[in-house]
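Written below as structure tokens is the structure these notes are about.
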Amino acid sequence: MTTNLKGRQVLLHDMCLRDGMHAKREQISVDQMVKVATALDAAGVPLIQVSHGAGMGGNSLQHGFALASNEEYLRAVCPLMTQAKVSVLLIPGLGTMKELQSAHDCGARSVHVATHCTEADTSPQHIAFARKLGMDTTGFLMMAHLNTPEGLAQQGKLMEGYGAQTIYITDSAGFMLPDDVTARVAALKAVLNPETEIGFHGHHNLGLGVWNSIAAIEAGASRIDGSVAGLGAGAGNTPLEVFLAVCDRLGIETGVDLFKLMDVAEDVIVPMMDHPVRVDRDSLTLGFAGVYSTFLLHAKRAGARFGVPARDILVELGRQKMIGGQEDMIEDTAMTLAKQRGLLRDVVRA
Amino acid sequence: MKKIKCALIGSGNIGTDLIYKIQRSPVLEPVWMVGIDPNSEGLARAREMGLKTTAEGADGLLPHVLADGIQIAFDATSAYVHAENSRKLNELGVMMIDLTPAAIGPLCVPPVNLKEHAEKAEMNVNMISCAGQATIPIVNAVARVQPVEYAEIVASLASKSIGPGTRANLDEFTYTTSNAIVQVGGARRGKALAIINPAEPPMIMRNTIQCLCDSEPDQPKIIDSVLAMIEQVQQYVPGYRLVNGPLFDGKRVAVFMEVKGLGDYLPTYAGNLDIMTASACRTAEMFAEEILAGTITLKPAVAA
């Protein structure tokens, strides 16, 4: 670290009530949402994402059914916020403008409109609609390691053209190294209007969430996604309280209270976890092979059912270049591998 | 043998691929291609393939309909202009096959309900969406065995096979397909998801169909029904293939399909394009067979 970051203002965006839904198999109750969100609000976190792990329209066989609808979560959380703004995720092809309208009606005021890193042109309707609703609107380019810095910059420029006020580099696979992040932020900065913000959303599969986020700030990013105690898909998101401690040491200004955030992590989030969210051989495989972090628990389930190791399934999904949203291909791939290994037969007519 | 003369409206990927399919048909003949840009590649290609062309939109076709004996028109433009095209052509007694999300007429999935539409001599039928054509036969194959409370389909499409119109209007695709899962598939609730994958080489279209039955699935009956339905679709889309399943998990039935195209206009990965045009062509053929047999007669629609 050579750049002096003292005095830089960075907006922290907590993901544990959205990305964390993946790690909880979508089983976070309305009461737990309220408890976490109010604690984050009290700690001064300015933006809190609340929704199904796959966002608007996420309740499905493909992505799992949550304990409550997005509307129920939002109606419970939004009115209790004293300073925090509540955001949602919208992936075109899954969520629609009707659902965004409904989230806005329930109090959501910010949105990540997400596409795969090469498919920004599936988002113009949704970005324009979010702006029409007056929402703080982000274009969120997922699996960003699968596009070159210049290619990604062009996609970000498209989203800016549709009306996005912030463009995110989203390291969905937790695959990027700090230089990859630096190059992508710099490429975006070179083409975007000066008033357009740049953000980074990391996953901790290679243990680089914090370092990558600092690299993003050094290169000009001003918004960082993380989740308290790392509660998120794969090995989790950038652990927000750890990142905040580093920000405090570097003099980066966030307005968030470190000790309060540590307490939320330790007293509220960790006791909620079904399994320790950490780098283990499967989540490390995601980061190493460049596979979408959300695939982790699906691969473990399918692997257990068909007798194929989750790691083999994840590597095969990476080889076939499967992207976020193709969770159905996990069960399919597990079955195909099981057939190849003589563990499963084709169906025949009776 | 006499053939029914057809016009194609919209000279993009779908319209161009349709030329190949219709030229092979024993009962259909492509005569006109309608575009809006005189310099478009699609119109030039249609001319090379022996079609008459106009760049004046459907209005450019109207004066020739009677003289050239056009009886069926395929519309692959957009939902916004389809209604007007349909009205004008129906008035001249031309039957419309709608490949846009407009869905003015009844929704058609050939192995499920085409016969019914042809018998009624419907003057406008809608082909739903590529994902609808690829998945609704399977939903119906389960729902005809036992009640399906909810059906959900996921279509994974190669990025190179998706044109700008679909990209800019993904919500329409979602609504149209979800609705058809209920209307035609026979599930009580439906949901459609689309994923656009940019992998190189491009991935072949994949579709996953999941049904939640009211009661424990009757496994042998569902397997038979699904396999029989796949054979029916294969008659007009030879690359329609079962990859995995039917998988039974409690009340859930999951079927994993692949759709490889014939590679007429776009390469074989674009099974989505192929199943849409093949279904439209199959639909037109059924109407054409009835017209040629004299069992139905197309009548000019009375202007409203």
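Ordering of the structure tokens sets the chain letters (A, B, ...); residue numbers start at 1 within each chain; ligands are numbered from 1 in the order shown.
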Which residues of chain A are close to chain B, meaning at most 6 Å apart when you count only C-alpha atoms, and how do they look as a list in words? Gly93, Leu94, Thr96, Thr122, Lys321 and Arg349 of chain A
Saved selection, atoms kept: C-alpha atoms, as a PDB file, in the first residue's frame:
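Output file part-v8.pdb follows:
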```pdb
ATOM      1  CA  GLY A  93     -34.542 -12.607 -16.571  1.00  0.00           C
ATOM      2  CA  LEU A  94     -35.489 -13.542 -13.010  1.00  0.00           C
ATOM      3  CA  THR A  96     -39.176  -7.956 -13.248  1.00  0.00           C
ATOM      4  CA  THR A 122     -30.501  -6.954 -20.781  1.00  0.00           C
ATOM      5  CA  LYS A 321     -18.487 -21.848 -18.117  1.00  0.00           C
ATOM      6  CA  ARG A 349     -40.227 -46.500 -20.728  1.00  0.00           C
TER       7      ARG A 349
END
```
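Assigned to strand (DSSP E or B) in stretch 40-182 of chain B, given DSSP computed from backbone atoms, are Lys52, Thr53, Thr54, Ile70, Gln71, Ile72, Ala73, Phe74, Asp75, Met95, Met96, Ile97, Asp98, Leu107, Asn124, Val125, Asn126, Val148, Glu149, Tyr150, Ala151, Glu152, Ile153, Val154, Ala155, Ser156, Leu157 and Ala158 of chain B.
Residue-level DSSP output for stretch 13-73 of chain A, from the backbone, shows helix (DSSP H, G or I) at Asp19, Gly20, Met21, His22, Ala23, Val30, Asp31, Gln32, Met33, Val34, Lys35, Val36, Ala37, Thr38, Ala39, Leu40, Asp41, Ala42, Asn70, Glu71, Glu72 and Tyr73 of chain A.
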File dump, residues just selected, N, CA and C atoms, as a PDB file, in the first residue's frame:
```
ATOM      1  N   ASP A  19     -26.999 -11.534   0.342  1.00  0.00           N
ATOM      2  CA  ASP A  19     -26.029 -12.574  -0.016  1.00  0.00           C
ATOM      3  C   ASP A  19     -25.996 -13.625   1.102  1.00  0.00           C
ATOM      4  N   GLY A  20     -26.169 -13.172   2.335  1.00  0.00           N
ATOM      5  CA  GLY A  20     -26.197 -14.088   3.473  1.00  0.00           C
ATOM      6  C   GLY A  20     -27.346 -15.080   3.418  1.00  0.00           C
ATOM      7  N   MET A  21     -28.393 -14.717   2.676  1.00  0.00           N
ATOM      8  CA  MET A  21     -29.514 -15.650   2.513  1.00  0.00           C
ATOM      9  C   MET A  21     -29.046 -16.929   1.820  1.00  0.00           C
ATOM     10  N   HIS A  22     -28.079 -16.808   0.914  1.00  0.00           N
ATOM     11  CA  HIS A  22     -27.540 -18.004   0.251  1.00  0.00           C
ATOM     12  C   HIS A  22     -26.928 -18.948   1.280  1.00  0.00           C
ATOM     13  N   ALA A  23     -26.145 -18.357   2.197  1.00  0.00           N
ATOM     14  CA  ALA A  23     -25.437 -19.175   3.191  1.00  0.00           C
ATOM     15  C   ALA A  23     -26.409 -19.789   4.193  1.00  0.00           C
ATOM     16  N   VAL A  30     -38.210 -13.252   9.435  1.00  0.00           N
ATOM     17  CA  VAL A  30     -38.486 -11.815   9.468  1.00  0.00           C
ATOM     18  C   VAL A  30     -37.916 -11.215  10.756  1.00  0.00           C
ATOM     19  N   ASP A  31     -38.075 -11.918  11.868  1.00  0.00           N
ATOM     20  CA  ASP A  31     -37.550 -11.408  13.147  1.00  0.00           C
ATOM     21  C   ASP A  31     -36.036 -11.250  13.108  1.00  0.00           C
ATOM     22  N   GLN A  32     -35.367 -12.240  12.525  1.00  0.00           N
ATOM     23  CA  GLN A  32     -33.902 -12.141  12.418  1.00  0.00           C
ATOM     24  C   GLN A  32     -33.493 -10.985  11.510  1.00  0.00           C
ATOM     25  N   MET A  33     -34.233 -10.795  10.431  1.00  0.00           N
ATOM     26  CA  MET A  33     -33.950  -9.668   9.520  1.00  0.00           C
ATOM     27  C   MET A  33     -34.031  -8.351  10.293  1.00  0.00           C
ATOM     28  N   VAL A  34     -35.079  -8.231  11.092  1.00  0.00           N
ATOM     29  CA  VAL A  34     -35.294  -6.995  11.851  1.00  0.00           C
ATOM     30  C   VAL A  34     -34.162  -6.795  12.855  1.00  0.00           C
ATOM     31  N   LYS A  35     -33.792  -7.865  13.525  1.00  0.00           N
ATOM     32  CA  LYS A  35     -32.753  -7.778  14.549  1.00  0.00           C
ATOM     33  C   LYS A  35     -31.417  -7.349  13.933  1.00  0.00           C
ATOM     34  N   VAL A  36     -31.056  -7.968  12.819  1.00  0.00           N
ATOM     35  CA  VAL A  36     -29.776  -7.652  12.176  1.00  0.00           C
ATOM     36  C   VAL A  36     -29.810  -6.238  11.600  1.00  0.00           C
ATOM     37  N   ALA A  37     -30.882  -5.914  10.897  1.00  0.00           N
ATOM     38  CA  ALA A  37     -30.944  -4.614  10.220  1.00  0.00           C
ATOM     39  C   ALA A  37     -30.926  -3.465  11.222  1.00  0.00           C
ATOM     40  N   THR A  38     -31.652  -3.614  12.331  1.00  0.00           N
ATOM     41  CA  THR A  38     -31.664  -2.520  13.311  1.00  0.00           C
ATOM     42  C   THR A  38     -30.289  -2.373  13.960  1.00  0.00           C
ATOM     43  N   ALA A  39     -29.588  -3.498  14.175  1.00  0.00           N
ATOM     44  CA  ALA A  39     -28.244  -3.425  14.759  1.00  0.00           C
ATOM     45  C   ALA A  39     -27.273  -2.754  13.785  1.00  0.00           C
ATOM     46  N   LEU A  40     -27.399  -3.078  12.493  1.00  0.00           N
ATOM     47  CA  LEU A  40     -26.532  -2.451  11.487  1.00  0.00           C
ATOM     48  C   LEU A  40     -26.832  -0.958  11.376  1.00  0.00           C
ATOM     49  N   ASP A  41     -28.104  -0.631  11.430  1.00  0.00           N
ATOM     50  CA  ASP A  41     -28.528   0.777  11.364  1.00  0.00           C
ATOM     51  C   ASP A  41     -27.931   1.543  12.549  1.00  0.00           C
ATOM     52  N   ALA A  42     -27.998   0.925  13.732  1.00  0.00           N
ATOM     53  CA  ALA A  42     -27.471   1.578  14.934  1.00  0.00           C
ATOM     54  C   ALA A  42     -25.946   1.739  14.874  1.00  0.00           C
ATOM     55  N   ASN A  70     -40.276 -11.211  -0.266  1.00  0.00           N
ATOM     56  CA  ASN A  70     -39.450 -10.000  -0.208  1.00  0.00           C
ATOM     57  C   ASN A  70     -40.247  -8.846   0.394  1.00  0.00           C
ATOM     58  N   GLU A  71     -41.507  -8.768   0.051  1.00  0.00           N
ATOM     59  CA  GLU A  71     -42.348  -7.686   0.573  1.00  0.00           C
ATOM     60  C   GLU A  71     -42.476  -7.770   2.094  1.00  0.00           C
ATOM     61  N   GLU A  72     -42.636  -8.995   2.591  1.00  0.00           N
ATOM     62  CA  GLU A  72     -42.767  -9.141   4.055  1.00  0.00           C
ATOM     63  C   GLU A  72     -41.485  -8.708   4.769  1.00  0.00           C
ATOM     64  N   TYR A  73     -40.341  -9.102   4.203  1.00  0.00           N
ATOM     65  CA  TYR A  73     -39.070  -8.680   4.806  1.00  0.00           C
ATOM     66  C   TYR A  73     -38.941  -7.154   4.774  1.00  0.00           C
TER      67      TYR A  73
END
```
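One finds atom CA of A:Arg223 at 10.8 Å from atom CA of A:Asp14.
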Quick one: everything within 8 Å of B:Leu92, counting only C-alpha atoms, minus sequence neighbours fewer than 5 positions away in the same chain. Send it as a list in words. Val65, Leu66, Pro300 and Ala301 of chain B
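Between B:Trp32 and the candidates B:Ala46, B:Ala293, B:Ile97, B:Val81, the tightest atom-to-atom separation, counting only C-alpha atoms, involves B:Ala46.
Relative to atom CA of A:Arg109, atom CA of A:Leu12 is found at 15.5 Å.
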